[in-house]
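*Asks:* Mind looking over this structure? Questions follow.
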Amino acid sequence: MTKEFDIVLSLPRANEDNADRQFVTALARGLEVLRAFNPEDGPLGNQEIAERTGLPKPTVSRITHTLTKLGYLDYVPRLSRYRIGAAVLSLGHACVTNSSIRAAARPHMQDLAEAVDATVALGARDRLNMLYLEVARGSQTVAFTLDVGARIPIQRTAMGAAYLSALPEKERTILMNAIAKASKAEWPDTRARLDRAFDEIAKHGFCVIEGAYEKAMNSVGAVLIQADGSIHPFTCSAPAFQFSGKRLRKEIGPRLIAMRDAVRGSLRQMLQ
């Protein structure tokens, strides 16, 4: 499992050799082009895509042409740029619709969001980010910009810290090394923050991150680990004036743990 885990962190570039004969590099690069688009983006040009993927611009031009022909990208002539096409949306819809954890978690997440007037999210790892799979907000919750499909840095979020804490040791080492390389000068502070989060999870089952991703936002994270090893991290977030560190530890963390356990129970019922 460790080998496969490592591959998704770093795909071969045009001048690199890939020893895995079953690995289709052309397909991987096409998917890398699709991954260059973020939910908050407008249309992207070939040069921007090349910069984001590290692929040569001529290669990107051929890939975007092909993806447009297949409906995975739409070309905007007025801007000479591309945007995600309907075919990609159908794939994403199939993914989230078939997710049992998402269906099991949704009502419990909404209950917690309403109870504490906050944002509750379910995520999954996407390389060095956490990807929001489901989001619930209370009816009086202060607006929070992240929605389903948003990506947030693993190392700066309670969701990411909770996810890391649940990984087998070898996989956590691979991911932590990749984060250290990406964090550069920030790594000592990042490592210290993660170590504190791991200690909190070991003691209390949840961790608190204050202002690391958004300075005005605080959050608590917890994780559900299924019998098959599947890891499902949750977070509950709100503005710092609403979620003080004390409230996160005394009230919100225990509530998130209770919600996680309720989700586990729902999953068991669904799988019977």
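All residue names refer to the structure tokens as shown: chains lettered A, B, ... in order, residues numbered from 1 in each chain, ligands numbered from 1 in order.
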From a backbone DSSP assignment, name each residue in range 153-186 of chain A labelled alpha helix (DSSP H), as JSON, numbers by chain.

*Replies:* {"A": [158, 159, 160, 161, 162, 163, 164, 165, 166, 169, 170, 171, 172, 173, 174, 175, 176, 177, 178, 179, 180, 181, 182, 183]}

*Asks:* I'd like the neighbourhood of range 204-211 of chain A as a PyMOL selection string, where a residue qualifies if any of its atoms comes within 10 Å (using only C-alpha atoms), though same-chain residues fewer than 4 positions away should be ignored.

*Replies:* chain A and resi 156-159+161-162+165+193-194+196-200+215-223+234-237+239-240+243-246+248-249+252-254+256-257

*Asks:* How would the residues just picked look written out with C-alpha atoms as a PDB file, in the first residue's frame?

*Replies:*
ATOM      1  CA  ARG A 156      -2.726  24.113   8.518  1.00  0.00           C
ATOM      2  CA  THR A 157      -6.126  22.648   9.354  1.00  0.00           C
ATOM      3  CA  ALA A 158      -7.745  20.630  12.131  1.00  0.00           C
ATOM      4  CA  MET A 159      -9.203  18.307   9.500  1.00  0.00           C
ATOM      5  CA  ALA A 161      -4.158  17.092  11.474  1.00  0.00           C
ATOM      6  CA  ALA A 162      -6.913  14.617  12.379  1.00  0.00           C
ATOM      7  CA  SER A 165      -3.040  11.247  13.118  1.00  0.00           C
ATOM      8  CA  ARG A 193       1.601  22.611  15.521  1.00  0.00           C
ATOM      9  CA  LEU A 194       0.969  19.106  14.184  1.00  0.00           C
ATOM     10  CA  ARG A 196       0.471  19.428  19.520  1.00  0.00           C
ATOM     11  CA  ALA A 197      -2.561  18.315  17.512  1.00  0.00           C
ATOM     12  CA  PHE A 198      -1.442  14.668  17.632  1.00  0.00           C
ATOM     13  CA  ASP A 199      -1.024  14.909  21.401  1.00  0.00           C
ATOM     14  CA  GLU A 200      -4.524  16.367  21.769  1.00  0.00           C
ATOM     15  CA  LYS A 215      -6.511  33.967  11.048  1.00  0.00           C
ATOM     16  CA  ALA A 216     -10.057  34.822  12.046  1.00  0.00           C
ATOM     17  CA  MET A 217     -11.259  31.199  12.067  1.00  0.00           C
ATOM     18  CA  ASN A 218     -10.822  28.477  14.690  1.00  0.00           C
ATOM     19  CA  SER A 219     -11.678  24.814  14.282  1.00  0.00           C
ATOM     20  CA  VAL A 220     -11.686  21.404  15.907  1.00  0.00           C
ATOM     21  CA  GLY A 221     -11.024  18.136  14.077  1.00  0.00           C
ATOM     22  CA  ALA A 222     -11.742  14.466  14.690  1.00  0.00           C
ATOM     23  CA  VAL A 223     -11.514  11.341  12.576  1.00  0.00           C
ATOM     24  CA  PHE A 234     -14.406  15.874  10.193  1.00  0.00           C
ATOM     25  CA  THR A 235     -14.042  19.470  11.263  1.00  0.00           C
ATOM     26  CA  CYS A 236     -16.252  22.051  12.961  1.00  0.00           C
ATOM     27  CA  SER A 237     -15.274  25.686  12.327  1.00  0.00           C
ATOM     28  CA  PRO A 239     -15.029  32.709  13.595  1.00  0.00           C
ATOM     29  CA  ALA A 240     -12.616  33.089  16.518  1.00  0.00           C
ATOM     30  CA  PHE A 243     -15.215  29.633  18.931  1.00  0.00           C
ATOM     31  CA  SER A 244     -12.634  30.509  21.579  1.00  0.00           C
ATOM     32  CA  GLY A 245      -9.975  27.927  22.326  1.00  0.00           C
ATOM     33  CA  LYS A 246     -11.691  27.210  25.635  1.00  0.00           C
ATOM     34  CA  LEU A 248     -13.534  24.402  21.345  1.00  0.00           C
ATOM     35  CA  ARG A 249     -11.949  22.166  23.974  1.00  0.00           C
ATOM     36  CA  ILE A 252     -17.269  21.716  20.535  1.00  0.00           C
ATOM     37  CA  GLY A 253     -14.649  18.956  20.594  1.00  0.00           C
ATOM     38  CA  PRO A 254     -16.806  16.583  22.673  1.00  0.00           C
ATOM     39  CA  LEU A 256     -17.790  16.553  17.359  1.00  0.00           C
ATOM     40  CA  ILE A 257     -16.725  13.242  18.894  1.00  0.00           C
TER      41      ILE A 257
END

*Asks:* When distances are computed from only C-alpha atoms, which of A:Arg81, A:Arg191, A:Arg102, A:Lys184 shows the smallest separation from Val148 in chain A?

*Replies:*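 When distances to Val148 in chain A are compared using only C-alpha atoms, the smallest one comes from A:Arg102.
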
*Asks:* Where does range 72-124 of chain A meet range 20-34 of chain A within 9 Å, residue by residue, with the nearest atom pair and distance in Å to one decimal for each, counting only C-alpha atoms, listed by chain and rising number, as CSV?

*Replies:*
residue,atom,partner,partner_atom,distance
A:Tyr72,CA,A:Leu34,CA,8.1
A:Leu73,CA,A:Leu34,CA,8.2
A:Ile84,CA,A:Leu34,CA,7.5
A:Val88,CA,A:Leu34,CA,8.5

*Asks:* Take the residues from that selection and put them in a file with N, CA and C atoms, as a PDB file, in the first residue's frame.

*Replies:*
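Output file part-v5.pdb is given in full below:
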ATOM      1  N   TYR A  72     -14.546  17.253 -21.591  1.00  0.00           N
ATOM      2  CA  TYR A  72     -14.066  17.452 -20.217  1.00  0.00           C
ATOM      3  C   TYR A  72     -13.627  18.900 -19.968  1.00  0.00           C
ATOM      4  N   LEU A  73     -13.374  19.630 -21.042  1.00  0.00           N
ATOM      5  CA  LEU A  73     -13.110  21.065 -20.955  1.00  0.00           C
ATOM      6  C   LEU A  73     -13.988  21.788 -21.971  1.00  0.00           C
ATOM      7  N   ILE A  84     -13.787  23.974 -16.867  1.00  0.00           N
ATOM      8  CA  ILE A  84     -14.215  22.583 -16.690  1.00  0.00           C
ATOM      9  C   ILE A  84     -15.530  22.344 -17.417  1.00  0.00           C
ATOM     10  N   VAL A  88     -16.782  16.372 -16.699  1.00  0.00           N
ATOM     11  CA  VAL A  88     -16.099  16.298 -15.407  1.00  0.00           C
ATOM     12  C   VAL A  88     -17.108  16.379 -14.275  1.00  0.00           C
TER      13      VAL A  88
END

*Asks:* What is the CA of Val60 in chain A-CA of Gln47 in chain A distance in Å, reported with one decimal?

*Replies:*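 About the pair CA of Val60 in chain A and CA of Gln47 in chain A: they are 8.2 Å apart.
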
*Asks:* Using the chain letters and numbers from this document, which residues of range 115-264 of chain A does DSSP assign to strand (DSSP E), as a ChimeraX atom specification?

*Replies:* /A:119-126,129-137,151-153,207-210,217-225,231-239

*Asks:* Restricting it to N, CA and C atoms, dump the selection as a CSV table (one decimal), in the first residue's frame.

*Replies:*
chain,number,residue,atom,x,y,z
A,119,THR,N,-19.9,25.8,10.9
A,119,THR,CA,-19.7,25.0,9.7
A,119,THR,C,-19.1,23.6,10.0
A,120,VAL,N,-19.7,22.6,9.6
A,120,VAL,CA,-19.2,21.2,9.8
A,120,VAL,C,-18.9,20.6,8.5
A,121,ALA,N,-17.7,20.0,8.3
A,121,ALA,CA,-17.3,19.5,7.0
A,121,ALA,C,-16.7,18.1,7.2
A,122,LEU,N,-16.9,17.3,6.1
A,122,LEU,CA,-16.3,16.0,5.9
A,122,LEU,C,-15.3,16.1,4.8
A,123,GLY,N,-14.1,15.5,5.0
A,123,GLY,CA,-13.1,15.6,3.9
A,123,GLY,C,-12.4,14.3,3.6
A,124,ALA,N,-11.6,14.4,2.6
A,124,ALA,CA,-10.7,13.3,2.1
A,124,ALA,C,-9.4,13.9,1.6
A,125,ARG,N,-8.4,13.2,1.7
A,125,ARG,CA,-7.1,13.7,1.2
A,125,ARG,C,-7.0,13.8,-0.3
A,126,ASP,N,-6.5,14.9,-0.8
A,126,ASP,CA,-6.2,15.1,-2.2
A,126,ASP,C,-4.7,15.6,-2.3
A,129,ASN,N,-3.5,18.3,0.2
A,129,ASN,CA,-4.7,19.1,0.6
A,129,ASN,C,-5.7,18.1,1.1
A,130,MET,N,-6.7,18.7,1.9
A,130,MET,CA,-7.9,18.0,2.2
A,130,MET,C,-9.0,18.6,1.3
A,131,LEU,N,-9.8,17.7,0.8
A,131,LEU,CA,-10.9,18.0,-0.1
A,131,LEU,C,-12.2,17.9,0.6
A,132,TYR,N,-13.0,19.0,0.5
A,132,TYR,CA,-14.3,19.0,1.2
A,132,TYR,C,-15.3,18.1,0.4
A,133,LEU,N,-15.8,17.0,1.0
A,133,LEU,CA,-16.8,16.2,0.4
A,133,LEU,C,-18.2,16.5,0.7
A,134,GLU,N,-18.4,17.1,1.9
A,134,GLU,CA,-19.7,17.5,2.4
A,134,GLU,C,-19.6,18.6,3.4
A,135,VAL,N,-20.5,19.6,3.3
A,135,VAL,CA,-20.5,20.7,4.2
A,135,VAL,C,-21.9,21.0,4.7
A,136,ALA,N,-22.0,21.3,6.0
A,136,ALA,CA,-23.3,21.6,6.6
A,136,ALA,C,-23.1,22.9,7.4
A,137,ARG,N,-24.1,23.8,7.3
A,137,ARG,CA,-24.1,25.1,8.1
A,137,ARG,C,-25.4,25.2,8.8
A,151,ARG,N,-10.4,22.9,-1.6
A,151,ARG,CA,-9.2,22.2,-1.1
A,151,ARG,C,-8.5,23.1,-0.1
A,152,ILE,N,-8.1,22.5,1.0
A,152,ILE,CA,-7.4,23.3,2.1
A,152,ILE,C,-6.1,22.5,2.4
A,153,PRO,N,-5.0,23.2,2.9
A,153,PRO,CA,-3.8,22.6,3.2
A,153,PRO,C,-3.9,21.6,4.4
A,207,CYS,N,-8.6,17.5,18.0
A,207,CYS,CA,-7.6,18.5,18.1
A,207,CYS,C,-8.1,19.9,17.7
A,208,VAL,N,-7.5,20.9,18.2
A,208,VAL,CA,-7.9,22.3,18.0
A,208,VAL,C,-6.8,23.0,17.2
A,209,ILE,N,-7.2,23.7,16.2
A,209,ILE,CA,-6.3,24.5,15.4
A,209,ILE,C,-6.9,25.9,15.4
A,210,GLU,N,-6.1,26.9,15.9
A,210,GLU,CA,-6.6,28.3,16.0
A,210,GLU,C,-5.9,29.2,15.0
A,217,MET,N,-10.5,32.4,11.9
A,217,MET,CA,-11.3,31.2,12.1
A,217,MET,C,-10.6,30.2,13.0
A,218,ASN,N,-11.3,29.6,13.8
A,218,ASN,CA,-10.8,28.5,14.7
A,218,ASN,C,-11.6,27.2,14.4
A,219,SER,N,-11.0,26.1,14.6
A,219,SER,CA,-11.7,24.8,14.3
A,219,SER,C,-11.2,23.7,15.2
A,220,VAL,N,-12.0,22.6,15.2
A,220,VAL,CA,-11.7,21.4,15.9
A,220,VAL,C,-11.9,20.2,14.9
A,221,GLY,N,-11.0,19.3,15.0
A,221,GLY,CA,-11.0,18.1,14.1
A,221,GLY,C,-11.1,16.8,14.8
A,222,ALA,N,-11.7,15.8,14.2
A,222,ALA,CA,-11.7,14.5,14.7
A,222,ALA,C,-11.8,13.5,13.5
A,223,VAL,N,-11.6,12.3,13.7
A,223,VAL,CA,-11.5,11.3,12.6
A,223,VAL,C,-12.2,10.0,12.9
A,224,LEU,N,-12.9,9.5,11.9
A,224,LEU,CA,-13.6,8.2,12.0
A,224,LEU,C,-12.7,7.2,11.2
A,225,ILE,N,-12.4,6.1,11.8
A,225,ILE,CA,-11.6,5.0,11.1
A,225,ILE,C,-12.5,3.8,11.0
A,231,ILE,N,-10.3,6.2,6.2
A,231,ILE,CA,-10.2,7.3,7.2
A,231,ILE,C,-11.1,8.5,6.7
A,232,HIS,N,-11.9,8.9,7.6
A,232,HIS,CA,-12.9,10.0,7.3
A,232,HIS,C,-12.7,11.1,8.3
A,233,PRO,N,-12.0,12.2,8.0
A,233,PRO,CA,-11.9,13.3,9.0
A,233,PRO,C,-13.0,14.3,8.9
A,234,PHE,N,-13.4,14.9,10.1
A,234,PHE,CA,-14.4,15.9,10.2
A,234,PHE,C,-13.8,17.1,10.9
A,235,THR,N,-14.4,18.2,10.6
A,235,THR,CA,-14.0,19.5,11.3
A,235,THR,C,-15.3,20.3,11.5
A,236,CYS,N,-15.2,21.1,12.6
A,236,CYS,CA,-16.3,22.1,13.0
A,236,CYS,C,-15.6,23.4,13.1
A,237,SER,N,-16.0,24.4,12.4
A,237,SER,CA,-15.3,25.7,12.3
A,237,SER,C,-16.2,26.9,12.5
A,238,ALA,N,-15.7,27.9,13.1
A,238,ALA,CA,-16.5,29.2,13.2
A,238,ALA,C,-15.5,30.3,13.5
A,239,PRO,N,-15.9,31.6,13.3
A,239,PRO,CA,-15.0,32.7,13.6
A,239,PRO,C,-14.5,32.6,15.0

*Asks:* Can you tell me how far CA of Lys181 in chain A sits from CA of Glu214 in chain A, in Å to one decimal?

*Replies:*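 Separation of CA of Lys181 in chain A and CA of Glu214 in chain A: 21.9 Å.
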
*Asks:* For Ala86 in chain A, which residue out of A:Ser100, A:Ser139, A:Asn38, A:Thr68 is the nearest one, using only C-alpha atoms?

*Replies:*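 Nearest to Ala86 in chain A: A:Thr68.
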
*Asks:* To one decimal place, how far is CA of Tyr82 in chain A from CA of Asn46 in chain A in Å?

*Replies:*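 Value for the CA of Tyr82 in chain A-CA of Asn46 in chain A distance: 8.1 Å.
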
*Asks:* Neighbours of Leu267 in chain A within 8 Å (only C-alpha atoms; same-chain residues fewer than 2 positions away dropped), as a list in words?

*Replies:* Ser100, Ile101, Ala104, Val263, Arg264, Gly265, Gln269, Met270 and Leu271 of chain A

*Asks:* Write out, as a short mmCIF file (atom, residue, chain, number, x, y, z; two decimals), in the first residue's frame, the residues just selected, with N, CA, C and O atoms.

*Replies:*
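The resulting file, result-v1.cif, is shown below:
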data_model
loop_
_atom_site.label_atom_id
_atom_site.label_comp_id
_atom_site.auth_asym_id
_atom_site.auth_seq_id
_atom_site.Cartn_x
_atom_site.Cartn_y
_atom_site.Cartn_z
N SER A 100 -21.07 6.30 0.63
CA SER A 100 -21.90 5.94 1.77
C SER A 100 -21.59 6.79 2.98
O SER A 100 -22.50 7.13 3.76
N ILE A 101 -20.33 7.16 3.18
CA ILE A 101 -19.97 7.99 4.33
C ILE A 101 -20.65 9.35 4.22
O ILE A 101 -21.12 9.90 5.22
N ALA A 104 -24.32 8.88 5.18
CA ALA A 104 -24.47 8.59 6.60
C ALA A 104 -24.19 9.82 7.45
O ALA A 104 -24.82 10.04 8.49
N VAL A 263 -22.25 8.98 13.38
CA VAL A 263 -22.02 8.63 11.97
C VAL A 263 -21.58 7.18 11.85
O VAL A 263 -22.03 6.44 10.97
N ARG A 264 -20.69 6.75 12.74
CA ARG A 264 -20.24 5.35 12.73
C ARG A 264 -21.43 4.40 12.90
O ARG A 264 -21.53 3.39 12.20
N GLY A 265 -22.33 4.75 13.80
CA GLY A 265 -23.51 3.92 13.99
C GLY A 265 -24.39 3.86 12.76
O GLY A 265 -24.89 2.79 12.39
N GLN A 269 -25.41 0.54 10.29
CA GLN A 269 -26.78 0.19 9.91
C GLN A 269 -26.93 0.10 8.39
O GLN A 269 -27.61 -0.80 7.87
N MET A 270 -26.28 1.03 7.67
CA MET A 270 -26.37 1.04 6.21
C MET A 270 -25.72 -0.20 5.61
O MET A 270 -26.15 -0.69 4.56
N LEU A 271 -24.66 -0.71 6.24
CA LEU A 271 -23.89 -1.80 5.68
C LEU A 271 -24.38 -3.18 6.13
O LEU A 271 -23.85 -4.20 5.71
#
